[in-house]
Amino acid sequence: MTGQSAARGGGKAILESRRRANQTRKAAGPSTKLLSLGTVAPDPRVDANGRIVKTRAYDLGSPPPLLPGDAAGHLVQGLDRDATVGFVLGHLGDSFRIKPVRPAIRRVLEWLEQFPGDSWEERWLSSGADSAPRAWRSAVVGSDEALQRKIGYAANALMAGRVLRPSYGWQLESRAGAHLPAKMLTVNDPEAAARLRALPTYRDALLRHQFDAEGCLSRVMIRTGRRLDQLEGEQLLHYADVVKTSGRHRREHLAWELMVALGPFAGEPATLRAAWSAKGNTRQHSAATLVDRYGIPPSGVRDVLVDYLSEIKAGMDYGSLQGLAYRLARLFWWEVLQINPDQKDLRLAPVTAATWWLWRSPPAPFVGQC
């Protein structure tokens, strides 16, 4: 009996020990399981074949603009994790499938809590995630593709829920999915979205042009934190300019015309082309902006490029000046800095020059054996 009593006593002690261990784990919370305590490294700019990766915009890692005074984002930035989850789910209503997205939202917020900042937006920037639109999900949940997809859904919910305002570069490269733009408009400004979709200009457009227009407007809404009816022409022009720096064909024309017809851009030119090309247009960028918008850091080379473009600006039309700035600042100097971030002048080492030439050269055609 004594042995049995001792065994029972030992079993109780083990159970009590396990109970305390479980309590400790619960108190520590799921964040103890997160994979990365360091900031996320930026996505690589060169692929496995040594070719430069096309960049869709050059604002990765930059802070968002100030929120308007009545923006919904003000309500959520100071909330704790649980309150933020509740706010987001309440804001989204039935636009997202709540059951699968709830734990993923919580997982992202737990991960962000590791990083410094007084708001979710500040923690997002300090985490490095905004500079890693493809790699950041693996920092949260590892290499499991199914879990990464859920984290992607959570990011969509956090953007539509006014918690995060990633850069345009992040939004374009993160593969958010085809359904986010429509949900973003419907959740955050349903009345204006319905009026926009009822416009003859919208209904007469091709389906892919409608999709491009909603995608454009949703990204500007996410980045600025504004409703559709609060957007201004300058904000859409800024978005169009940011994505144009990658050499991407413009897809913002219908969005501009819809906003003119809807009312928010009523005082603007009727088309995006007219907004840019009007004679004496004060929206045309200075030579410094044409260089700096590619993320070119201060240096003697940057100053040379600005001085050269400023000198020849008077004898060129604006479109040609933009094209030349793109070739000099983006295709040449920006790529040199990707090869050698410490490059300070135009005296390129042979290996740097050869690598740049390789990046710019088309791949050799395959020649089969005879």
# chains A, B, ... in the order shown; residues from 1 in each chain; ligands from 1
$ closest_atom_pairs --of "stretch 146-212 of chain A" --to "stretch 66-73 of chain A" --cutoff "9 Å" --atoms "only C-alpha atoms" --output "JSON lines"
{"residue": "A:Gly161", "atom": "CA", "partner": "A:Gly73", "partner_atom": "CA", "distance": 8.1}
{"residue": "A:Arg162", "atom": "CA", "partner": "A:Gly73", "partner_atom": "CA", "distance": 5.0}
{"residue": "A:Val163", "atom": "CA", "partner": "A:Gly73", "partner_atom": "CA", "distance": 6.2}
{"residue": "A:Leu164", "atom": "CA", "partner": "A:Gly73", "partner_atom": "CA", "distance": 8.5}
$ write_last_selection --atoms "N, CA and C atoms" --output "PDB file, in the first residue's frame"
ATOM      1  N   GLY A 161      -8.828  46.226 -43.254  1.00  0.00           N
ATOM      2  CA  GLY A 161      -9.266  46.618 -41.920  1.00  0.00           C
ATOM      3  C   GLY A 161      -8.578  47.844 -41.375  1.00  0.00           C
ATOM      4  N   ARG A 162      -7.751  48.504 -42.194  1.00  0.00           N
ATOM      5  CA  ARG A 162      -7.126  49.791 -41.861  1.00  0.00           C
ATOM      6  C   ARG A 162      -6.038  49.691 -40.799  1.00  0.00           C
ATOM      7  N   VAL A 163      -5.436  48.509 -40.660  1.00  0.00           N
ATOM      8  CA  VAL A 163      -4.347  48.346 -39.697  1.00  0.00           C
ATOM      9  C   VAL A 163      -2.996  48.621 -40.350  1.00  0.00           C
ATOM     10  N   LEU A 164      -2.788  48.124 -41.562  1.00  0.00           N
ATOM     11  CA  LEU A 164      -1.511  48.264 -42.263  1.00  0.00           C
ATOM     12  C   LEU A 164      -1.692  49.065 -43.544  1.00  0.00           C
TER      13      LEU A 164
END
$ residues_around --residues "A:Thr245" --least-positions-apart "6" --cutoff "8 Å" --atoms "only C-alpha atoms" --output "PyMOL selection string"
chain A and resi 56-58+293-294+326
$ residues_around --residues "stretch 216-233 of chain A" --least-positions-apart "3" --cutoff "7 Å" --atoms "only C-alpha atoms" --output "list in words"
Pro64, Pro65, Leu67, Ala71, Gly73, Met159, Arg162, Arg165, Pro166, Ser167, Tyr168, Pro181, Met184, Leu185, Asn188, Asp189, Ala192, Asp212, Ala213, Leu236, Leu237, Tyr239, Glu252, Ala255, Pro264 and Phe265 of chain A
$ residues_around --residues "stretch 297-310 of chain A" --least-positions-apart "6" --cutoff "7 Å" --atoms "only C-alpha atoms" --output "count of residues only"
6
$ select_by_dssp --residues "stretch 165-281 of chain A" --states "helix (DSSP H, G or I)" --output "ChimeraX atom specification"
/A:168-173,180-188,190-198,200-203,207-224,228-230,233-244,253-262,272-277
$ residues_around --residues "A:Arg51" --least-positions-apart "3" --cutoff "9 Å" --atoms "only C-alpha atoms" --output "list in words"
Arg45, Val46, Asp47, Ala48, Leu358, Trp359 and Arg360 of chain A
$ write_last_selection --atoms "all heavy atoms" --output "compact mmCIF listing (two decimals), in the first residue's frame"
# COMPACT_ATOMS: atom_id res chain seq x y z
N ARG A 45 17.40 41.35 -55.09
CA ARG A 45 17.18 42.09 -56.34
C ARG A 45 17.80 41.39 -57.54
O ARG A 45 17.71 41.87 -58.66
CB ARG A 45 17.75 43.51 -56.21
CG ARG A 45 17.06 44.33 -55.16
CD ARG A 45 15.94 45.21 -55.73
NE ARG A 45 14.88 44.51 -56.40
CZ ARG A 45 13.73 44.15 -55.85
NH1 ARG A 45 13.50 44.39 -54.60
NH2 ARG A 45 12.80 43.53 -56.56
N VAL A 46 18.45 40.24 -57.29
CA VAL A 46 19.06 39.47 -58.37
C VAL A 46 18.57 38.04 -58.25
O VAL A 46 18.53 37.48 -57.15
CB VAL A 46 20.60 39.52 -58.30
CG1 VAL A 46 21.21 38.72 -59.44
CG2 VAL A 46 21.09 40.96 -58.34
N ASP A 47 18.19 37.42 -59.38
CA ASP A 47 17.67 36.06 -59.32
C ASP A 47 18.80 35.03 -59.35
O ASP A 47 19.99 35.38 -59.36
CB ASP A 47 16.67 35.81 -60.45
CG ASP A 47 17.30 35.90 -61.84
OD1 ASP A 47 18.54 35.79 -61.95
OD2 ASP A 47 16.54 36.08 -62.81
N ALA A 48 18.42 33.75 -59.35
CA ALA A 48 19.42 32.68 -59.28
C ALA A 48 20.32 32.64 -60.51
O ALA A 48 21.42 32.08 -60.45
CB ALA A 48 18.71 31.33 -59.12
N LEU A 358 26.29 42.38 -68.09
CA LEU A 358 25.60 41.09 -68.16
C LEU A 358 24.12 41.26 -67.85
O LEU A 358 23.26 40.67 -68.52
CB LEU A 358 26.23 40.10 -67.18
CG LEU A 358 25.57 38.72 -67.08
CD1 LEU A 358 25.71 37.98 -68.40
CD2 LEU A 358 26.20 37.91 -65.94
N TRP A 359 23.81 42.06 -66.84
CA TRP A 359 22.41 42.30 -66.49
C TRP A 359 21.65 42.95 -67.64
O TRP A 359 20.49 42.65 -67.89
CB TRP A 359 22.33 43.21 -65.27
CG TRP A 359 22.65 42.53 -63.98
CD1 TRP A 359 23.07 41.24 -63.81
CD2 TRP A 359 22.60 43.11 -62.68
NE1 TRP A 359 23.28 40.98 -62.48
CE2 TRP A 359 23.00 42.11 -61.76
CE3 TRP A 359 22.27 44.37 -62.20
CZ2 TRP A 359 23.06 42.32 -60.39
CZ3 TRP A 359 22.33 44.59 -60.83
CH2 TRP A 359 22.72 43.58 -59.94
N ARG A 360 22.30 43.85 -68.32
CA ARG A 360 21.63 44.61 -69.37
C ARG A 360 21.60 43.89 -70.71
O ARG A 360 20.85 44.26 -71.61
CB ARG A 360 22.30 45.98 -69.56
CG ARG A 360 22.19 46.86 -68.34
CD ARG A 360 21.07 47.88 -68.44
NE ARG A 360 19.79 47.39 -68.87
CZ ARG A 360 18.84 46.93 -68.06
NH1 ARG A 360 19.04 46.87 -66.78
NH2 ARG A 360 17.69 46.52 -68.54
$ residues_around --residues "A:Ala146" --least-positions-apart "5" --cutoff "12 Å" --atoms "only C-alpha atoms" --output "JSON, numbers by chain"
{"A": [100, 104, 137, 138, 141, 151, 152, 153]}
$ atom_distance --atom1 "atom CA of A:Gly323" --atom2 "atom CA of A:Glu268"
25.2 Å
$ residues_around --residues "A:Thr352" --least-positions-apart "2" --cutoff "12 Å" --atoms "only C-alpha atoms" --output "count of residues only"
22
$ atom_distance --atom1 "atom CA of A:Leu180" --atom2 "atom CA of A:Ala266"
26.7 Å
$ closest_residue --among "A:Trp111, A:Trp276, A:Trp170, A:Trp120" --to "A:Thr84" --atoms "only C-alpha atoms"
A:Trp120
